[in-house]
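*Asks:* Provided herewith: my_file.cif, mmCIF, N, CA and C atoms.
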```cif
data_target
loop_
_atom_site.label_atom_id
_atom_site.label_comp_id
_atom_site.auth_asym_id
_atom_site.auth_seq_id
_atom_site.Cartn_x
_atom_site.Cartn_y
_atom_site.Cartn_z
N MET K 934 -0.43 -20.25 107.05
CA MET K 934 0.91 -19.73 107.08
C MET K 934 1.84 -20.66 107.88
N ARG K 935 1.36 -21.15 108.99
CA ARG K 935 2.22 -21.96 109.86
C ARG K 935 2.67 -23.24 109.17
N ILE K 936 1.76 -23.89 108.49
CA ILE K 936 2.10 -25.15 107.83
C ILE K 936 3.09 -24.90 106.70
N ILE K 937 2.89 -23.83 105.96
CA ILE K 937 3.77 -23.53 104.84
C ILE K 937 5.18 -23.20 105.33
N VAL K 938 5.28 -22.40 106.38
CA VAL K 938 6.59 -22.06 106.94
C VAL K 938 7.29 -23.32 107.44
N PHE K 939 6.55 -24.17 108.15
CA PHE K 939 7.14 -25.40 108.67
C PHE K 939 7.62 -26.29 107.53
N LEU K 940 6.80 -26.47 106.51
CA LEU K 940 7.17 -27.36 105.41
C LEU K 940 8.35 -26.83 104.60
N ILE K 941 8.36 -25.55 104.31
CA ILE K 941 9.48 -24.99 103.54
C ILE K 941 10.78 -25.09 104.33
N ALA K 942 10.73 -24.75 105.62
CA ALA K 942 11.93 -24.84 106.45
C ALA K 942 12.39 -26.29 106.58
N ALA K 943 11.45 -27.20 106.75
CA ALA K 943 11.82 -28.61 106.91
C ALA K 943 12.40 -29.18 105.62
N VAL K 944 11.82 -28.86 104.49
CA VAL K 944 12.33 -29.37 103.21
C VAL K 944 13.71 -28.81 102.92
N ALA K 945 13.91 -27.53 103.20
CA ALA K 945 15.23 -26.94 102.99
C ALA K 945 16.27 -27.58 103.91
N GLN K 946 15.89 -27.86 105.14
CA GLN K 946 16.81 -28.51 106.07
C GLN K 946 17.11 -29.94 105.66
N ILE K 947 16.12 -30.63 105.15
CA ILE K 947 16.35 -32.00 104.68
C ILE K 947 17.33 -31.99 103.51
N ALA K 948 17.16 -31.04 102.61
CA ALA K 948 18.09 -30.94 101.47
C ALA K 948 19.50 -30.63 101.95
N ALA K 949 19.63 -29.71 102.89
CA ALA K 949 20.95 -29.38 103.43
C ALA K 949 21.55 -30.56 104.19
N ALA K 950 20.73 -31.30 104.90
CA ALA K 950 21.22 -32.46 105.64
C ALA K 950 21.69 -33.57 104.71
N VAL K 951 20.97 -33.78 103.62
CA VAL K 951 21.40 -34.79 102.64
C VAL K 951 22.73 -34.39 102.02
N PHE K 952 22.86 -33.12 101.67
CA PHE K 952 24.13 -32.65 101.11
C PHE K 952 25.25 -32.77 102.13
N GLY K 953 24.97 -32.41 103.39
CA GLY K 953 25.97 -32.54 104.45
C GLY K 953 26.36 -33.99 104.70
N LEU K 954 25.40 -34.90 104.63
CA LEU K 954 25.70 -36.32 104.79
C LEU K 954 26.59 -36.82 103.65
N PHE K 955 26.33 -36.35 102.45
CA PHE K 955 27.16 -36.71 101.30
C PHE K 955 28.60 -36.24 101.51
N ILE K 956 28.77 -35.00 101.95
CA ILE K 956 30.11 -34.46 102.22
C ILE K 956 30.77 -35.24 103.36
N LEU K 957 30.00 -35.58 104.38
CA LEU K 957 30.55 -36.34 105.50
C LEU K 957 30.99 -37.73 105.05
N LEU K 958 30.21 -38.38 104.22
CA LEU K 958 30.60 -39.69 103.72
C LEU K 958 31.87 -39.62 102.88
N LEU K 959 32.00 -38.57 102.09
CA LEU K 959 33.23 -38.40 101.32
C LEU K 959 34.43 -38.18 102.24
N GLY K 960 34.23 -37.40 103.29
CA GLY K 960 35.32 -37.10 104.21
C GLY K 960 35.72 -38.28 105.08
N LEU K 961 34.77 -39.18 105.33
CA LEU K 961 35.06 -40.34 106.17
C LEU K 961 35.53 -41.55 105.37
N ASN K 962 35.94 -41.32 104.15
CA ASN K 962 36.33 -42.39 103.24
C ASN K 962 37.46 -43.25 103.79
N GLY K 963 38.45 -42.67 104.44
CA GLY K 963 39.59 -43.43 104.91
C GLY K 963 39.43 -44.08 106.26
N PHE K 964 38.31 -43.85 106.94
CA PHE K 964 38.09 -44.38 108.27
C PHE K 964 37.42 -45.75 108.19
N SER K 965 37.65 -46.56 109.21
CA SER K 965 36.97 -47.85 109.28
C SER K 965 35.52 -47.63 109.71
N GLU K 966 34.74 -48.68 109.59
CA GLU K 966 33.33 -48.57 109.97
C GLU K 966 33.18 -48.26 111.46
N ARG K 967 34.01 -48.87 112.28
CA ARG K 967 33.97 -48.63 113.72
C ARG K 967 34.28 -47.18 114.06
N GLU K 968 35.19 -46.59 113.33
CA GLU K 968 35.58 -45.20 113.59
C GLU K 968 34.55 -44.20 113.05
N ALA K 969 33.91 -44.53 111.95
CA ALA K 969 33.00 -43.59 111.30
C ALA K 969 31.58 -43.64 111.87
N THR K 970 31.21 -44.74 112.50
CA THR K 970 29.83 -44.90 112.98
C THR K 970 29.40 -43.82 113.98
N PRO K 971 30.20 -43.47 115.00
CA PRO K 971 29.76 -42.40 115.91
C PRO K 971 29.55 -41.06 115.21
N ALA K 972 30.41 -40.76 114.24
CA ALA K 972 30.27 -39.50 113.51
C ALA K 972 28.98 -39.49 112.69
N LEU K 973 28.67 -40.60 112.05
CA LEU K 973 27.45 -40.68 111.25
C LEU K 973 26.20 -40.60 112.13
N ILE K 974 26.22 -41.30 113.26
CA ILE K 974 25.07 -41.25 114.17
C ILE K 974 24.88 -39.84 114.70
N PHE K 975 25.98 -39.18 115.09
CA PHE K 975 25.89 -37.81 115.57
C PHE K 975 25.26 -36.90 114.53
N PHE K 976 25.71 -37.01 113.28
CA PHE K 976 25.20 -36.12 112.23
C PHE K 976 23.74 -36.41 111.91
N ILE K 977 23.35 -37.67 111.91
CA ILE K 977 21.97 -38.01 111.62
C ILE K 977 21.04 -37.49 112.71
N VAL K 978 21.43 -37.65 113.98
CA VAL K 978 20.62 -37.13 115.08
C VAL K 978 20.54 -35.61 115.02
N LEU K 979 21.67 -34.96 114.75
CA LEU K 979 21.68 -33.51 114.61
C LEU K 979 20.79 -33.06 113.45
N SER K 980 20.82 -33.78 112.36
CA SER K 980 19.99 -33.43 111.20
C SER K 980 18.51 -33.54 111.52
N LEU K 981 18.12 -34.63 112.17
CA LEU K 981 16.72 -34.80 112.53
C LEU K 981 16.26 -33.72 113.50
N ALA K 982 17.08 -33.40 114.48
CA ALA K 982 16.74 -32.34 115.42
C ALA K 982 16.67 -30.99 114.72
N SER K 983 17.54 -30.76 113.76
CA SER K 983 17.56 -29.51 113.02
C SER K 983 16.32 -29.36 112.15
N VAL K 984 15.89 -30.43 111.54
CA VAL K 984 14.69 -30.37 110.68
C VAL K 984 13.47 -29.99 111.51
N VAL K 985 13.25 -30.69 112.60
CA VAL K 985 12.08 -30.42 113.44
C VAL K 985 12.22 -29.08 114.15
N GLY K 986 13.39 -28.82 114.71
CA GLY K 986 13.61 -27.58 115.45
C GLY K 986 13.48 -26.34 114.59
N ASP K 987 14.04 -26.38 113.40
CA ASP K 987 13.95 -25.22 112.52
C ASP K 987 12.52 -24.98 112.06
N GLY K 988 11.78 -26.04 111.82
CA GLY K 988 10.38 -25.87 111.44
C GLY K 988 9.58 -25.21 112.54
N VAL K 989 9.76 -25.69 113.76
CA VAL K 989 9.02 -25.14 114.90
C VAL K 989 9.46 -23.70 115.19
N ILE K 990 10.76 -23.46 115.18
CA ILE K 990 11.26 -22.10 115.43
C ILE K 990 10.77 -21.15 114.34
N GLY K 991 10.72 -21.62 113.10
CA GLY K 991 10.23 -20.78 112.01
C GLY K 991 8.78 -20.38 112.20
N VAL K 992 7.95 -21.31 112.65
CA VAL K 992 6.54 -21.02 112.88
C VAL K 992 6.39 -20.00 114.01
N VAL K 993 7.11 -20.21 115.10
CA VAL K 993 7.02 -19.29 116.24
C VAL K 993 7.53 -17.90 115.84
N LEU K 994 8.65 -17.86 115.12
CA LEU K 994 9.21 -16.57 114.70
C LEU K 994 8.27 -15.84 113.74
N ALA K 995 7.68 -16.56 112.81
CA ALA K 995 6.75 -15.92 111.87
C ALA K 995 5.54 -15.33 112.59
N LYS K 996 5.02 -16.07 113.56
CA LYS K 996 3.87 -15.57 114.32
C LYS K 996 4.23 -14.33 115.12
N ARG K 997 5.41 -14.36 115.76
CA ARG K 997 5.83 -13.20 116.56
C ARG K 997 6.11 -11.99 115.69
N LEU K 998 6.73 -12.21 114.52
CA LEU K 998 6.99 -11.09 113.61
C LEU K 998 5.69 -10.49 113.08
N ALA K 999 4.74 -11.32 112.76
CA ALA K 999 3.46 -10.83 112.23
C ALA K 999 2.70 -10.05 113.29
N ASN K 1000 2.80 -10.45 114.55
CA ASN K 1000 2.06 -9.79 115.62
C ASN K 1000 2.74 -8.55 116.15
N SER K 1001 4.07 -8.52 116.17
CA SER K 1001 4.76 -7.43 116.86
C SER K 1001 5.39 -6.39 115.95
N THR K 1002 5.39 -6.59 114.66
CA THR K 1002 5.98 -5.61 113.75
C THR K 1002 4.96 -5.20 112.71
N LYS K 1003 5.40 -4.33 111.83
CA LYS K 1003 4.52 -3.86 110.77
C LYS K 1003 4.57 -4.78 109.55
N PHE K 1004 5.28 -5.91 109.68
CA PHE K 1004 5.30 -6.88 108.60
C PHE K 1004 3.90 -7.46 108.42
N GLY K 1005 3.56 -7.76 107.20
CA GLY K 1005 2.35 -8.51 106.96
C GLY K 1005 2.62 -9.98 107.22
N VAL K 1006 1.60 -10.76 107.09
CA VAL K 1006 1.74 -12.18 107.35
C VAL K 1006 2.71 -12.82 106.36
N GLY K 1007 2.61 -12.45 105.09
CA GLY K 1007 3.49 -13.03 104.07
C GLY K 1007 4.94 -12.64 104.26
N ALA K 1008 5.18 -11.36 104.56
CA ALA K 1008 6.55 -10.90 104.76
C ALA K 1008 7.15 -11.53 106.01
N ALA K 1009 6.35 -11.67 107.05
CA ALA K 1009 6.84 -12.31 108.27
C ALA K 1009 7.19 -13.77 108.00
N ALA K 1010 6.39 -14.43 107.19
CA ALA K 1010 6.67 -15.83 106.87
C ALA K 1010 7.96 -15.96 106.07
N VAL K 1011 8.18 -15.06 105.11
CA VAL K 1011 9.40 -15.12 104.30
C VAL K 1011 10.63 -14.83 105.15
N VAL K 1012 10.57 -13.80 105.97
CA VAL K 1012 11.71 -13.45 106.82
C VAL K 1012 12.02 -14.58 107.81
N ALA K 1013 11.00 -15.12 108.42
CA ALA K 1013 11.20 -16.20 109.40
C ALA K 1013 11.77 -17.45 108.72
N THR K 1014 11.24 -17.79 107.55
CA THR K 1014 11.72 -18.98 106.85
C THR K 1014 13.17 -18.82 106.44
N LEU K 1015 13.51 -17.69 105.86
CA LEU K 1015 14.90 -17.48 105.45
C LEU K 1015 15.84 -17.48 106.65
N SER K 1016 15.41 -16.88 107.74
CA SER K 1016 16.25 -16.81 108.93
C SER K 1016 16.54 -18.20 109.50
N VAL K 1017 15.50 -19.01 109.65
CA VAL K 1017 15.73 -20.32 110.25
C VAL K 1017 16.46 -21.26 109.31
N VAL K 1018 16.26 -21.11 108.01
CA VAL K 1018 16.99 -21.96 107.07
C VAL K 1018 18.48 -21.63 107.12
N ILE K 1019 18.81 -20.35 107.15
CA ILE K 1019 20.22 -19.95 107.25
C ILE K 1019 20.81 -20.45 108.56
N LEU K 1020 20.10 -20.29 109.65
CA LEU K 1020 20.57 -20.77 110.95
C LEU K 1020 20.76 -22.29 110.93
N GLY K 1021 19.82 -22.99 110.35
CA GLY K 1021 19.92 -24.45 110.28
C GLY K 1021 21.09 -24.93 109.43
N VAL K 1022 21.33 -24.25 108.32
CA VAL K 1022 22.47 -24.63 107.47
C VAL K 1022 23.79 -24.38 108.20
N VAL K 1023 23.87 -23.29 108.93
CA VAL K 1023 25.08 -23.02 109.72
C VAL K 1023 25.28 -24.11 110.77
N ILE K 1024 24.21 -24.52 111.41
CA ILE K 1024 24.30 -25.59 112.41
C ILE K 1024 24.75 -26.90 111.77
N LEU K 1025 24.22 -27.21 110.59
CA LEU K 1025 24.62 -28.44 109.91
C LEU K 1025 26.06 -28.41 109.43
N VAL K 1026 26.53 -27.25 108.97
CA VAL K 1026 27.93 -27.13 108.56
C VAL K 1026 28.84 -27.34 109.77
N ALA K 1027 28.48 -26.73 110.89
CA ALA K 1027 29.25 -26.94 112.11
C ALA K 1027 29.18 -28.41 112.54
N GLY K 1028 28.03 -29.04 112.35
CA GLY K 1028 27.87 -30.45 112.69
C GLY K 1028 28.75 -31.36 111.86
N VAL K 1029 28.95 -31.02 110.59
CA VAL K 1029 29.86 -31.81 109.75
C VAL K 1029 31.27 -31.74 110.30
N PHE K 1030 31.71 -30.55 110.69
CA PHE K 1030 33.06 -30.41 111.24
C PHE K 1030 33.19 -31.14 112.58
N VAL K 1031 32.17 -31.06 113.41
CA VAL K 1031 32.21 -31.77 114.69
C VAL K 1031 32.23 -33.28 114.45
N ALA K 1032 31.51 -33.75 113.46
CA ALA K 1032 31.52 -35.18 113.13
C ALA K 1032 32.91 -35.62 112.67
N PHE K 1033 33.59 -34.78 111.87
CA PHE K 1033 34.95 -35.10 111.47
C PHE K 1033 35.87 -35.18 112.68
N VAL K 1034 35.73 -34.25 113.60
CA VAL K 1034 36.55 -34.25 114.81
C VAL K 1034 36.25 -35.50 115.63
N LEU K 1035 34.99 -35.86 115.73
CA LEU K 1035 34.61 -37.06 116.48
C LEU K 1035 35.22 -38.31 115.87
N ALA K 1036 35.21 -38.41 114.55
CA ALA K 1036 35.82 -39.56 113.89
C ALA K 1036 37.32 -39.59 114.13
N ASN K 1037 37.97 -38.44 114.12
CA ASN K 1037 39.41 -38.38 114.38
C ASN K 1037 39.73 -38.77 115.83
N VAL K 1038 38.88 -38.37 116.75
CA VAL K 1038 39.10 -38.74 118.16
C VAL K 1038 38.95 -40.25 118.32
N VAL K 1039 37.94 -40.83 117.72
CA VAL K 1039 37.77 -42.30 117.80
C VAL K 1039 38.93 -43.00 117.11
N HIS K 1040 39.40 -42.45 116.01
CA HIS K 1040 40.55 -43.04 115.32
C HIS K 1040 41.81 -42.99 116.19
N GLY K 1041 41.98 -41.90 116.93
CA GLY K 1041 43.16 -41.76 117.79
C GLY K 1041 43.11 -42.61 119.04
N MET K 1042 41.97 -43.17 119.36
CA MET K 1042 41.82 -43.99 120.57
C MET K 1042 42.24 -45.43 120.35
N LYS K 1043 42.75 -45.76 119.19
CA LYS K 1043 43.15 -47.15 118.88
C LYS K 1043 44.13 -47.67 119.89
#
```
Please express the file's structure as C-alpha cells.

*Replies:*
Amino acid sequence: MRIIVFLIAAVAQIAAAVFGLFILLLGLNGFSEREATPALIFFIVLSLASVVGDGVIGVVLAKRLANSTKFGVGAAAVVATLSVVILGVVILVAGVFVAFVLANVVHGMK
C-alpha cells in the first residue's frame, strides 16, 4: 500500500508540476532570461519538494487513517492519495503565482 500511495501521489504531482511549468513559461514570455530565471528556479525547487513531500505525507496519512479509523486499507489509501494530490496541486498553483510575482519584482529592480 505504501509504495502504491507514494507512486500515485508522486506521478500526479509530476503531471501537475509539468503543467504548471508550461503555464509559467507562457506567462514569463515577455521577461528577459535574467528576470525569469529566479522564478523558474523557485518553481522547479517547489515542484521537487512537492513531489517528494506529497508522496511521504500520503504514505503517513494512509497509515494513520488505516490504523485509527474504520477505513480499510484500500479506502485509507484512496482518501490519503486524493487528499495529498489536491493539497499538492493547490501548493503548485500558489507557487505559479508566487513565481510570477518574483519575476515582476526582479523586473522592477532594473

*Asks:* Could you state which residues are captured by the PyMOL selection byres (((chain K and resi 948-964 and name CA) around 7) and name CA) in this file, as JSON, numbers by chain?

*Replies:* {"K": [944, 945, 946, 947, 965, 966, 968, 969, 980, 1022, 1025, 1029]}

*Asks:* Just the number, please: distance in Å from CA of Met1042 (chain K) to atom C of Val1026 (chain K), one decimal.

*Replies:*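 Interatomic distance, CA of Met1042 (chain K) to atom C of Val1026 (chain K): 23.7 Å.
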
*Asks:* Care to translate the PyMOL selection byres ((chain K and resi 1036) around 8) into actual residues of this file, as a ChimeraX atom specification?

*Replies:* /K:961,964,967-973,1030-1035,1037-1042

*Asks:* Grab the atom N of Ala943 (chain K) to atom N of Gly991 (chain K) distance for me, in Å with one decimal place.

*Replies:* 8.5 Å

*Asks:* What does the distance between atom C of Val978 (chain K) and atom N of Val1017 (chain K) come to in Å, to one decimal place?

*Replies:* 18.2 Å

*Asks:* On this structure, the PyMOL selection byres (((chain K and resi 934 and name CA) around 8) and name CA) would catch which residues? List them as a list in words, sorted by chain and number.

*Replies:*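 Written out, the selection comes to Arg935, Ile936, Ile937, Val938, Val1006, Gly1007 and Ala1010 of chain K.
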
*Asks:* Just list the residues in region 962-1010 of chain K DSSP gives alpha helix (DSSP H) on the backbone, as a PyMOL selection string.

*Replies:* chain K and resi 966-1001+1006-1010

*Asks:* Take the residues that were just selected and, keeping N, CA and C atoms, output them as a short mmCIF file (atom, residue, chain, number, x, y, z; two decimals), in the frame of the given file.

*Replies:*
```cif
data_model
loop_
_atom_site.label_atom_id
_atom_site.label_comp_id
_atom_site.auth_asym_id
_atom_site.auth_seq_id
_atom_site.Cartn_x
_atom_site.Cartn_y
_atom_site.Cartn_z
N GLU K 966 34.74 -48.68 109.59
CA GLU K 966 33.33 -48.57 109.97
C GLU K 966 33.18 -48.26 111.46
N ARG K 967 34.01 -48.87 112.28
CA ARG K 967 33.97 -48.63 113.72
C ARG K 967 34.28 -47.18 114.06
N GLU K 968 35.19 -46.59 113.33
CA GLU K 968 35.58 -45.20 113.59
C GLU K 968 34.55 -44.20 113.05
N ALA K 969 33.91 -44.53 111.95
CA ALA K 969 33.00 -43.59 111.30
C ALA K 969 31.58 -43.64 111.87
N THR K 970 31.21 -44.74 112.50
CA THR K 970 29.83 -44.90 112.98
C THR K 970 29.40 -43.82 113.98
N PRO K 971 30.20 -43.47 115.00
CA PRO K 971 29.76 -42.40 115.91
C PRO K 971 29.55 -41.06 115.21
N ALA K 972 30.41 -40.76 114.24
CA ALA K 972 30.27 -39.50 113.51
C ALA K 972 28.98 -39.49 112.69
N LEU K 973 28.67 -40.60 112.05
CA LEU K 973 27.45 -40.68 111.25
C LEU K 973 26.20 -40.60 112.13
N ILE K 974 26.22 -41.30 113.26
CA ILE K 974 25.07 -41.25 114.17
C ILE K 974 24.88 -39.84 114.70
N PHE K 975 25.98 -39.18 115.09
CA PHE K 975 25.89 -37.81 115.57
C PHE K 975 25.26 -36.90 114.53
N PHE K 976 25.71 -37.01 113.28
CA PHE K 976 25.20 -36.12 112.23
C PHE K 976 23.74 -36.41 111.91
N ILE K 977 23.35 -37.67 111.91
CA ILE K 977 21.97 -38.01 111.62
C ILE K 977 21.04 -37.49 112.71
N VAL K 978 21.43 -37.65 113.98
CA VAL K 978 20.62 -37.13 115.08
C VAL K 978 20.54 -35.61 115.02
N LEU K 979 21.67 -34.96 114.75
CA LEU K 979 21.68 -33.51 114.61
C LEU K 979 20.79 -33.06 113.45
N SER K 980 20.82 -33.78 112.36
CA SER K 980 19.99 -33.43 111.20
C SER K 980 18.51 -33.54 111.52
N LEU K 981 18.12 -34.63 112.17
CA LEU K 981 16.72 -34.80 112.53
C LEU K 981 16.26 -33.72 113.50
N ALA K 982 17.08 -33.40 114.48
CA ALA K 982 16.74 -32.34 115.42
C ALA K 982 16.67 -30.99 114.72
N SER K 983 17.54 -30.76 113.76
CA SER K 983 17.56 -29.51 113.02
C SER K 983 16.32 -29.36 112.15
N VAL K 984 15.89 -30.43 111.54
CA VAL K 984 14.69 -30.37 110.68
C VAL K 984 13.47 -29.99 111.51
N VAL K 985 13.25 -30.69 112.60
CA VAL K 985 12.08 -30.42 113.44
C VAL K 985 12.22 -29.08 114.15
N GLY K 986 13.39 -28.82 114.71
CA GLY K 986 13.61 -27.58 115.45
C GLY K 986 13.48 -26.34 114.59
N ASP K 987 14.04 -26.38 113.40
CA ASP K 987 13.95 -25.22 112.52
C ASP K 987 12.52 -24.98 112.06
N GLY K 988 11.78 -26.04 111.82
CA GLY K 988 10.38 -25.87 111.44
C GLY K 988 9.58 -25.21 112.54
N VAL K 989 9.76 -25.69 113.76
CA VAL K 989 9.02 -25.14 114.90
C VAL K 989 9.46 -23.70 115.19
N ILE K 990 10.76 -23.46 115.18
CA ILE K 990 11.26 -22.10 115.43
C ILE K 990 10.77 -21.15 114.34
N GLY K 991 10.72 -21.62 113.10
CA GLY K 991 10.23 -20.78 112.01
C GLY K 991 8.78 -20.38 112.20
N VAL K 992 7.95 -21.31 112.65
CA VAL K 992 6.54 -21.02 112.88
C VAL K 992 6.39 -20.00 114.01
N VAL K 993 7.11 -20.21 115.10
CA VAL K 993 7.02 -19.29 116.24
C VAL K 993 7.53 -17.90 115.84
N LEU K 994 8.65 -17.86 115.12
CA LEU K 994 9.21 -16.57 114.70
C LEU K 994 8.27 -15.84 113.74
N ALA K 995 7.68 -16.56 112.81
CA ALA K 995 6.75 -15.92 111.87
C ALA K 995 5.54 -15.33 112.59
N LYS K 996 5.02 -16.07 113.56
CA LYS K 996 3.87 -15.57 114.32
C LYS K 996 4.23 -14.33 115.12
N ARG K 997 5.41 -14.36 115.76
CA ARG K 997 5.83 -13.20 116.56
C ARG K 997 6.11 -11.99 115.69
N LEU K 998 6.73 -12.21 114.52
CA LEU K 998 6.99 -11.09 113.61
C LEU K 998 5.69 -10.49 113.08
N ALA K 999 4.74 -11.32 112.76
CA ALA K 999 3.46 -10.83 112.23
C ALA K 999 2.70 -10.05 113.29
N ASN K 1000 2.80 -10.45 114.55
CA ASN K 1000 2.06 -9.79 115.62
C ASN K 1000 2.74 -8.55 116.15
N SER K 1001 4.07 -8.52 116.17
CA SER K 1001 4.76 -7.43 116.86
C SER K 1001 5.39 -6.39 115.95
N VAL K 1006 1.60 -10.76 107.09
CA VAL K 1006 1.74 -12.18 107.35
C VAL K 1006 2.71 -12.82 106.36
N GLY K 1007 2.61 -12.45 105.09
CA GLY K 1007 3.49 -13.03 104.07
C GLY K 1007 4.94 -12.64 104.26
N ALA K 1008 5.18 -11.36 104.56
CA ALA K 1008 6.55 -10.90 104.76
C ALA K 1008 7.15 -11.53 106.01
N ALA K 1009 6.35 -11.67 107.05
CA ALA K 1009 6.84 -12.31 108.27
C ALA K 1009 7.19 -13.77 108.00
N ALA K 1010 6.39 -14.43 107.19
CA ALA K 1010 6.67 -15.83 106.87
C ALA K 1010 7.96 -15.96 106.07
#
```

*Asks:* Which of these, K:Ala982, K:Ile1024, K:Leu940, K:Ala1013, has the shortest distance to Lys996 (chain K) once you count only N, CA and C atoms?

*Replies:*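 So, comparing all the options, the nearest one is K:Ala1013.
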
*Asks:* Measuring between only C-alpha atoms, which one of K:Ala995, K:Asp987, K:Asn1000, K:Gly1028 shows the shortest distance to Val1012 (chain K)?

*Replies:*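 For Val1012 (chain K), the nearest of the candidates is K:Ala995.
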